[in-house]
Each structure stands twice: as structure tokens, then as C-alpha cells.
$ cat work.cif   # mmCIF, N, CA, C and O atoms
data_coords
loop_
_atom_site.label_atom_id
_atom_site.label_comp_id
_atom_site.auth_asym_id
_atom_site.auth_seq_id
_atom_site.Cartn_x
_atom_site.Cartn_y
_atom_site.Cartn_z
N MET F 1 -46.64 151.75 -6.86
CA MET F 1 -46.66 150.91 -5.68
C MET F 1 -47.60 149.73 -5.91
O MET F 1 -48.67 149.90 -6.48
N PRO F 2 -47.20 148.55 -5.46
CA PRO F 2 -48.06 147.38 -5.65
C PRO F 2 -49.42 147.52 -4.96
O PRO F 2 -49.54 148.15 -3.91
N ILE F 3 -50.41 146.91 -5.58
CA ILE F 3 -51.78 146.89 -5.06
C ILE F 3 -52.14 145.45 -4.73
O ILE F 3 -51.91 144.55 -5.55
N ARG F 4 -52.71 145.24 -3.56
CA ARG F 4 -53.26 143.94 -3.21
C ARG F 4 -54.78 144.03 -3.31
O ARG F 4 -55.40 145.01 -2.86
N HIS F 5 -55.35 143.00 -3.88
CA HIS F 5 -56.80 142.90 -4.13
C HIS F 5 -57.28 141.68 -3.35
O HIS F 5 -57.03 140.54 -3.76
N LEU F 6 -57.90 141.91 -2.21
CA LEU F 6 -58.31 140.86 -1.30
C LEU F 6 -59.80 140.57 -1.49
O LEU F 6 -60.62 141.48 -1.40
N VAL F 7 -60.13 139.31 -1.78
CA VAL F 7 -61.50 138.91 -2.06
C VAL F 7 -61.88 137.80 -1.08
O VAL F 7 -61.23 136.76 -1.04
N LEU F 8 -62.93 138.04 -0.29
CA LEU F 8 -63.45 137.05 0.66
C LEU F 8 -64.80 136.57 0.17
O LEU F 8 -65.66 137.38 -0.20
N LEU F 9 -64.99 135.24 0.16
CA LEU F 9 -66.20 134.65 -0.38
C LEU F 9 -66.98 133.89 0.69
O LEU F 9 -66.39 133.15 1.48
N LYS F 10 -68.29 134.07 0.65
CA LYS F 10 -69.23 133.32 1.49
C LYS F 10 -70.22 132.66 0.54
O LYS F 10 -70.99 133.36 -0.14
N PHE F 11 -70.18 131.36 0.47
CA PHE F 11 -71.03 130.64 -0.48
C PHE F 11 -72.41 130.35 0.09
O PHE F 11 -72.58 130.22 1.31
N LYS F 12 -73.38 130.25 -0.80
CA LYS F 12 -74.72 129.83 -0.41
C LYS F 12 -74.65 128.41 0.14
O LYS F 12 -73.83 127.60 -0.31
N ALA F 13 -75.54 128.08 1.07
CA ALA F 13 -75.56 126.75 1.67
C ALA F 13 -75.84 125.67 0.64
O ALA F 13 -75.43 124.51 0.80
N SER F 14 -76.51 126.03 -0.44
CA SER F 14 -76.88 125.05 -1.47
C SER F 14 -75.74 124.71 -2.43
O SER F 14 -75.87 123.78 -3.24
N VAL F 15 -74.64 125.42 -2.36
CA VAL F 15 -73.52 125.19 -3.27
C VAL F 15 -72.78 123.93 -2.84
O VAL F 15 -72.42 123.76 -1.67
N THR F 16 -72.53 123.05 -3.80
CA THR F 16 -71.90 121.76 -3.50
C THR F 16 -70.38 121.90 -3.41
O THR F 16 -69.80 122.84 -3.99
N PRO F 17 -69.73 120.97 -2.73
CA PRO F 17 -68.26 120.97 -2.70
C PRO F 17 -67.65 120.94 -4.10
O PRO F 17 -66.63 121.59 -4.36
N SER F 18 -68.27 120.22 -5.02
CA SER F 18 -67.77 120.16 -6.39
C SER F 18 -67.85 121.54 -7.06
O SER F 18 -66.93 121.94 -7.79
N GLU F 19 -68.95 122.24 -6.85
CA GLU F 19 -69.08 123.59 -7.41
C GLU F 19 -68.03 124.52 -6.81
O GLU F 19 -67.44 125.34 -7.53
N ILE F 20 -67.79 124.40 -5.52
CA ILE F 20 -66.77 125.23 -4.87
C ILE F 20 -65.38 124.93 -5.44
O ILE F 20 -64.60 125.84 -5.70
N GLN F 21 -65.08 123.66 -5.68
CA GLN F 21 -63.80 123.30 -6.28
C GLN F 21 -63.65 123.93 -7.66
O GLN F 21 -62.56 124.38 -8.04
N GLY F 22 -64.74 123.98 -8.42
CA GLY F 22 -64.71 124.63 -9.72
C GLY F 22 -64.44 126.12 -9.62
O GLY F 22 -63.70 126.69 -10.43
N ILE F 23 -65.03 126.76 -8.61
CA ILE F 23 -64.80 128.19 -8.37
C ILE F 23 -63.34 128.41 -8.00
O ILE F 23 -62.68 129.34 -8.50
N GLU F 24 -62.82 127.59 -7.11
CA GLU F 24 -61.41 127.71 -6.71
C GLU F 24 -60.50 127.62 -7.93
O GLU F 24 -59.62 128.47 -8.13
N ALA F 25 -60.73 126.62 -8.76
CA ALA F 25 -59.90 126.43 -9.96
C ALA F 25 -60.06 127.60 -10.93
O ALA F 25 -59.08 128.07 -11.51
N GLY F 26 -61.28 128.08 -11.09
CA GLY F 26 -61.54 129.20 -11.99
C GLY F 26 -60.84 130.47 -11.53
O GLY F 26 -60.30 131.23 -12.35
N PHE F 27 -60.85 130.70 -10.22
CA PHE F 27 -60.18 131.89 -9.69
C PHE F 27 -58.68 131.77 -9.92
O PHE F 27 -58.03 132.70 -10.42
N VAL F 28 -58.10 130.62 -9.61
CA VAL F 28 -56.66 130.41 -9.79
C VAL F 28 -56.27 130.55 -11.26
O VAL F 28 -55.20 131.09 -11.58
N ASP F 29 -57.13 130.11 -12.17
CA ASP F 29 -56.85 130.20 -13.61
C ASP F 29 -56.70 131.64 -14.09
O ASP F 29 -56.04 131.89 -15.10
N LEU F 30 -57.30 132.59 -13.37
CA LEU F 30 -57.18 133.99 -13.78
C LEU F 30 -55.72 134.43 -13.80
O LEU F 30 -55.34 135.28 -14.61
N ARG F 31 -54.90 133.86 -12.95
CA ARG F 31 -53.48 134.22 -12.90
C ARG F 31 -52.80 133.95 -14.24
O ARG F 31 -51.99 134.75 -14.71
N SER F 32 -53.13 132.84 -14.87
CA SER F 32 -52.49 132.51 -16.15
C SER F 32 -53.18 133.18 -17.33
O SER F 32 -52.59 133.30 -18.40
N LYS F 33 -54.40 133.63 -17.16
CA LYS F 33 -55.15 134.24 -18.26
C LYS F 33 -54.96 135.75 -18.36
O LYS F 33 -55.15 136.32 -19.43
N ILE F 34 -54.62 136.38 -17.23
CA ILE F 34 -54.53 137.84 -17.21
C ILE F 34 -53.14 138.24 -16.73
O ILE F 34 -52.80 138.09 -15.55
N SER F 35 -52.35 138.75 -17.65
CA SER F 35 -50.94 139.03 -17.33
C SER F 35 -50.77 140.13 -16.28
O SER F 35 -49.71 140.22 -15.66
N ALA F 36 -51.78 140.94 -16.06
CA ALA F 36 -51.69 142.00 -15.06
C ALA F 36 -51.61 141.45 -13.64
O ALA F 36 -51.16 142.15 -12.72
N VAL F 37 -52.01 140.19 -13.43
CA VAL F 37 -51.95 139.57 -12.11
C VAL F 37 -50.51 139.09 -11.87
O VAL F 37 -50.04 138.19 -12.54
N GLN F 38 -49.83 139.74 -10.92
CA GLN F 38 -48.45 139.35 -10.61
C GLN F 38 -48.42 138.07 -9.79
O GLN F 38 -47.56 137.22 -10.01
N SER F 39 -49.31 137.98 -8.83
CA SER F 39 -49.37 136.78 -8.00
C SER F 39 -50.78 136.60 -7.48
O SER F 39 -51.58 137.55 -7.44
N LEU F 40 -51.08 135.37 -7.11
CA LEU F 40 -52.39 135.03 -6.55
C LEU F 40 -52.18 133.96 -5.49
O LEU F 40 -51.60 132.91 -5.76
N GLU F 41 -52.61 134.28 -4.29
CA GLU F 41 -52.60 133.32 -3.18
C GLU F 41 -54.04 133.11 -2.76
O GLU F 41 -54.86 134.01 -2.87
N TRP F 42 -54.32 131.91 -2.26
CA TRP F 42 -55.67 131.69 -1.77
C TRP F 42 -55.66 130.60 -0.71
O TRP F 42 -54.70 129.84 -0.59
N GLY F 43 -56.72 130.57 0.05
CA GLY F 43 -56.87 129.53 1.05
C GLY F 43 -58.26 129.58 1.65
O GLY F 43 -59.06 130.47 1.35
N THR F 44 -58.52 128.59 2.48
CA THR F 44 -59.80 128.54 3.19
C THR F 44 -59.58 128.90 4.65
O THR F 44 -58.49 128.70 5.20
N ASN F 45 -60.61 129.45 5.25
CA ASN F 45 -60.52 129.91 6.63
C ASN F 45 -60.19 128.75 7.57
O ASN F 45 -60.79 127.69 7.51
N ASN F 46 -59.22 128.99 8.44
CA ASN F 46 -58.92 128.03 9.50
C ASN F 46 -58.70 128.73 10.84
O ASN F 46 -58.07 128.19 11.75
N SER F 47 -59.25 129.93 10.95
CA SER F 47 -59.10 130.69 12.18
C SER F 47 -59.94 130.09 13.31
O SER F 47 -61.11 129.78 13.12
N PRO F 48 -59.35 129.95 14.49
CA PRO F 48 -60.10 129.44 15.63
C PRO F 48 -60.93 130.51 16.34
O PRO F 48 -61.65 130.20 17.28
N GLU F 49 -60.86 131.76 15.87
CA GLU F 49 -61.52 132.85 16.58
C GLU F 49 -63.03 132.91 16.39
O GLU F 49 -63.73 133.54 17.18
N GLY F 50 -63.54 132.30 15.31
CA GLY F 50 -64.97 132.33 15.08
C GLY F 50 -65.52 133.68 14.65
O GLY F 50 -66.69 133.99 14.88
N LEU F 51 -64.70 134.49 14.01
CA LEU F 51 -65.10 135.83 13.59
C LEU F 51 -65.27 135.94 12.08
O LEU F 51 -65.33 137.04 11.54
N ASP F 52 -65.35 134.82 11.37
CA ASP F 52 -65.37 134.81 9.92
C ASP F 52 -66.69 135.23 9.30
O ASP F 52 -66.76 135.48 8.09
N LYS F 53 -67.76 135.29 10.09
CA LYS F 53 -69.09 135.69 9.61
C LYS F 53 -69.54 134.87 8.41
O LYS F 53 -70.25 135.35 7.54
N GLY F 54 -69.09 133.62 8.34
CA GLY F 54 -69.50 132.72 7.27
C GLY F 54 -68.63 132.77 6.02
O GLY F 54 -68.85 132.00 5.09
N PHE F 55 -67.66 133.67 5.98
CA PHE F 55 -66.74 133.72 4.85
C PHE F 55 -65.77 132.55 4.98
O PHE F 55 -65.19 132.33 6.04
N THR F 56 -65.61 131.80 3.90
CA THR F 56 -64.80 130.59 3.96
C THR F 56 -63.54 130.66 3.10
O THR F 56 -62.57 129.95 3.37
N HIS F 57 -63.54 131.49 2.06
CA HIS F 57 -62.43 131.52 1.10
C HIS F 57 -61.86 132.92 0.98
O HIS F 57 -62.60 133.90 0.95
N CYS F 58 -60.52 132.97 0.87
CA CYS F 58 -59.82 134.23 0.69
C CYS F 58 -58.90 134.11 -0.52
O CYS F 58 -58.14 133.14 -0.64
N PHE F 59 -58.99 135.06 -1.42
CA PHE F 59 -58.11 135.14 -2.58
C PHE F 59 -57.41 136.49 -2.52
O PHE F 59 -58.05 137.53 -2.35
N ASN F 60 -56.09 136.47 -2.64
CA ASN F 60 -55.30 137.70 -2.54
C ASN F 60 -54.46 137.83 -3.81
O ASN F 60 -53.53 137.06 -4.02
N LEU F 61 -54.82 138.80 -4.64
CA LEU F 61 -54.11 139.05 -5.90
C LEU F 61 -53.22 140.26 -5.74
O LEU F 61 -53.59 141.22 -5.04
N THR F 62 -52.08 140.24 -6.40
CA THR F 62 -51.16 141.37 -6.38
C THR F 62 -51.01 141.91 -7.80
O THR F 62 -50.83 141.16 -8.76
N PHE F 63 -51.08 143.24 -7.90
CA PHE F 63 -50.88 143.97 -9.15
C PHE F 63 -49.73 144.94 -8.97
O PHE F 63 -49.50 145.45 -7.87
N ALA F 64 -49.00 145.21 -10.02
CA ALA F 64 -47.84 146.11 -9.95
C ALA F 64 -48.23 147.51 -9.50
O ALA F 64 -47.49 148.17 -8.77
N ASP F 65 -49.43 147.94 -9.94
CA ASP F 65 -49.86 149.31 -9.64
C ASP F 65 -51.33 149.47 -10.02
O ASP F 65 -51.98 148.51 -10.44
N ASP F 66 -51.82 150.69 -9.88
CA ASP F 66 -53.23 150.98 -10.22
C ASP F 66 -53.54 150.66 -11.67
O ASP F 66 -54.63 150.18 -11.98
N ALA F 67 -52.60 150.92 -12.55
CA ALA F 67 -52.83 150.68 -13.98
C ALA F 67 -53.03 149.19 -14.25
O ALA F 67 -53.90 148.81 -15.05
N ALA F 68 -52.27 148.34 -13.59
CA ALA F 68 -52.42 146.89 -13.78
C ALA F 68 -53.77 146.42 -13.24
O ALA F 68 -54.45 145.61 -13.88
N ARG F 69 -54.18 146.96 -12.09
CA ARG F 69 -55.50 146.61 -11.55
C ARG F 69 -56.59 147.08 -12.51
O ARG F 69 -57.60 146.39 -12.71
N ALA F 70 -56.38 148.22 -13.14
CA ALA F 70 -57.35 148.76 -14.09
C ALA F 70 -57.47 147.88 -15.34
O ALA F 70 -58.49 147.89 -16.01
N VAL F 71 -56.44 147.13 -15.65
CA VAL F 71 -56.50 146.16 -16.76
C VAL F 71 -57.31 144.94 -16.32
O VAL F 71 -58.12 144.41 -17.07
N TYR F 72 -57.09 144.49 -15.09
CA TYR F 72 -57.73 143.28 -14.57
C TYR F 72 -59.24 143.41 -14.41
O TYR F 72 -59.99 142.53 -14.84
N LEU F 73 -59.68 144.48 -13.79
CA LEU F 73 -61.10 144.60 -13.42
C LEU F 73 -62.06 144.45 -14.60
O LEU F 73 -63.02 143.69 -14.51
N PRO F 74 -61.83 145.13 -15.73
CA PRO F 74 -62.76 144.96 -16.87
C PRO F 74 -62.34 143.87 -17.86
O PRO F 74 -62.96 143.70 -18.91
N HIS F 75 -61.29 143.12 -17.52
CA HIS F 75 -60.79 142.10 -18.44
C HIS F 75 -61.88 141.07 -18.72
O HIS F 75 -62.57 140.61 -17.80
N PRO F 76 -62.06 140.67 -19.97
CA PRO F 76 -63.13 139.70 -20.32
C PRO F 76 -63.06 138.39 -19.54
O PRO F 76 -64.11 137.84 -19.17
N ASP F 77 -61.86 137.89 -19.26
CA ASP F 77 -61.75 136.64 -18.50
C ASP F 77 -62.20 136.84 -17.05
O ASP F 77 -62.81 135.95 -16.46
N HIS F 78 -61.88 138.00 -16.48
CA HIS F 78 -62.34 138.30 -15.11
C HIS F 78 -63.85 138.43 -15.09
O HIS F 78 -64.52 137.85 -14.22
N LEU F 79 -64.40 139.17 -16.03
CA LEU F 79 -65.85 139.38 -16.06
C LEU F 79 -66.60 138.07 -16.30
O LEU F 79 -67.66 137.84 -15.69
N ALA F 80 -66.06 137.20 -17.13
CA ALA F 80 -66.69 135.90 -17.37
C ALA F 80 -66.67 135.06 -16.10
O ALA F 80 -67.67 134.38 -15.77
N PHE F 81 -65.57 135.09 -15.37
CA PHE F 81 -65.49 134.35 -14.11
C PHE F 81 -66.49 134.90 -13.09
O PHE F 81 -67.16 134.13 -12.39
N VAL F 82 -66.61 136.20 -13.00
CA VAL F 82 -67.56 136.82 -12.06
C VAL F 82 -68.98 136.35 -12.35
O VAL F 82 -69.76 136.10 -11.42
N GLU F 83 -69.33 136.21 -13.61
CA GLU F 83 -70.69 135.75 -13.95
C GLU F 83 -70.94 134.32 -13.50
O GLU F 83 -72.05 133.96 -13.14
N ILE F 84 -69.91 133.49 -13.47
CA ILE F 84 -70.02 132.13 -12.95
C ILE F 84 -70.07 132.15 -11.42
O ILE F 84 -70.82 131.39 -10.80
N LEU F 85 -69.30 133.02 -10.82
CA LEU F 85 -69.18 133.12 -9.38
C LEU F 85 -70.45 133.66 -8.71
O LEU F 85 -70.91 133.12 -7.69
N LYS F 86 -71.01 134.73 -9.24
CA LYS F 86 -72.10 135.45 -8.58
C LYS F 86 -73.25 134.57 -8.12
O LYS F 86 -73.70 134.72 -6.98
N PRO F 87 -73.75 133.64 -8.93
CA PRO F 87 -74.90 132.84 -8.47
C PRO F 87 -74.59 131.93 -7.28
O PRO F 87 -75.51 131.46 -6.62
N THR F 88 -73.32 131.68 -7.00
CA THR F 88 -72.95 130.78 -5.91
C THR F 88 -72.78 131.50 -4.58
O THR F 88 -72.67 130.86 -3.54
N LEU F 89 -72.78 132.84 -4.61
CA LEU F 89 -72.40 133.60 -3.43
C LEU F 89 -73.58 134.05 -2.57
O LEU F 89 -74.59 134.54 -3.08
N ASP F 90 -73.37 133.92 -1.29
CA ASP F 90 -74.26 134.53 -0.30
C ASP F 90 -73.76 135.94 -0.01
O ASP F 90 -74.54 136.84 0.24
N ASP F 91 -72.43 136.11 -0.08
CA ASP F 91 -71.84 137.43 0.17
C ASP F 91 -70.41 137.43 -0.36
O ASP F 91 -69.78 136.39 -0.51
N VAL F 92 -69.91 138.62 -0.61
CA VAL F 92 -68.53 138.81 -1.04
C VAL F 92 -68.02 140.11 -0.42
O VAL F 92 -68.79 141.06 -0.25
N LEU F 93 -66.75 140.13 -0.07
CA LEU F 93 -66.11 141.32 0.46
C LEU F 93 -64.82 141.52 -0.30
O LEU F 93 -64.02 140.59 -0.42
N VAL F 94 -64.63 142.72 -0.84
CA VAL F 94 -63.41 143.04 -1.60
C VAL F 94 -62.77 144.27 -0.99
O VAL F 94 -63.43 145.30 -0.81
N LEU F 95 -61.49 144.15 -0.68
CA LEU F 95 -60.70 145.27 -0.19
C LEU F 95 -59.42 145.35 -0.99
O LEU F 95 -58.78 144.33 -1.25
N ASP F 96 -59.06 146.54 -1.40
CA ASP F 96 -57.79 146.76 -2.09
C ASP F 96 -56.95 147.67 -1.20
O ASP F 96 -57.46 148.59 -0.56
N TYR F 97 -55.65 147.38 -1.19
CA TYR F 97 -54.74 148.22 -0.42
C TYR F 97 -53.39 148.29 -1.10
O TYR F 97 -53.02 147.41 -1.86
N THR F 98 -52.69 149.39 -0.82
CA THR F 98 -51.37 149.61 -1.37
C THR F 98 -50.34 149.02 -0.44
O THR F 98 -50.41 149.19 0.78
N VAL F 99 -49.36 148.33 -1.02
CA VAL F 99 -48.30 147.70 -0.22
C VAL F 99 -47.21 148.70 0.04
O VAL F 99 -46.78 149.41 -0.86
#

$ encode --input "work.cif" --output "C-alpha cells"
Amino acid sequence: MPIRHLVLLKFKASVTPSEIQGIEAGFVDLRSKISAVQSLEWGTNNSPEGLDKGFTHCFNLTFADDAARAVYLPHPDHLAFVEILKPTLDDVLVLDYTV
């Protein structure tokens, strides 16, 4: 069964728009670097409800199954991206669910 990997990002106030654009591009690049990623959608929060708790970005990756997700998580390209991402974050929320 397909797995969705939902990642919500809250950036530090000191992170510049240019740095955020680099993070966006880096996250999207994972789709072409890691074949286990079936699809990747992303966007920025535009909810009028005011319940975002400062999270501004959502990335939603789809994997064919648990085995594909297991390839992605320790993949060197994913780990390298995480090392670039971590210093920019105030918080991150990750939820995985079966479709």
C-alpha cells in the first residue's frame, strides 16, 4: 500500500527568502535523485484559519510501500539535504500514513 510522507516546516525568523528558496529547490530535487520517491507535492500555507502554529511549508512525498520509504530515509541524498535543512528550522513535523 502506498505511503505518504508529510513534512511541515517552520523556519527560523533569521532565515532569508533566498535561503528558503534554496531549501524548496533542494527538497524538490530529491524527487529526481531518489527513485523511491513516486511523487512530491509541496506548497506554502495559505489557510485563513490561523492554526498553522508558524509552519509555512508542506512537502508531501509518496512511496509505493514501506520498502520504498525504507530506501528513502537513509539515502545519502536525503541525509545530505537534511544536514542543510536542519540549521534553518525552528521546528519540523513529520507524519507518515498509508493511503

$ select_by_dssp --input "work.cif" --residues "chain F" --states "strand (DSSP E or B)" --output "PyMOL selection string"
chain F and resi 3-11+39-44+57-63+89-98

$ resolve_selection --input "work.cif" --expression "the PyMOL selection byres ((chain F and resi 43-55) around 6)" --output "PyMOL selection string"
chain F and resi 8-11+41-42+56-59

$ resolve_selection --input "work.cif" --expression "the PyMOL selection byres ((chain F and resi 94) around 6)" --output "list in words"
Leu6, Val7, Leu8, Val92, Leu93, Leu95 and Asp96 of chain F

$ residues_near_point --input "work.cif" --point "(-45.0, 153.8, -3.1)" --cutoff "7 Å" --atoms "only N, CA, C and O atoms" --output "ChimeraX atom specification"
/F:1-2,99

$ resolve_selection --input "work.cif" --expression "the PyMOL selection byres ((chain F and resi 40) around 6)" --output "list of chain:residue names"
F:Gln38, F:Ser39, F:Glu41, F:Trp42, F:Asn60, F:Leu61, F:Thr62

$ atom_distance --input "work.cif" --atom1 "CA of Leu85 (chain F)" --atom2 "CA of Val71 (chain F)"
19.6 Å

$ closest_residue --input "work.cif" --among "F:Asp91, F:Thr98, F:Phe27, F:Val15" --to "Leu79 (chain F)" --atoms "only C-alpha atoms"
F:Phe27
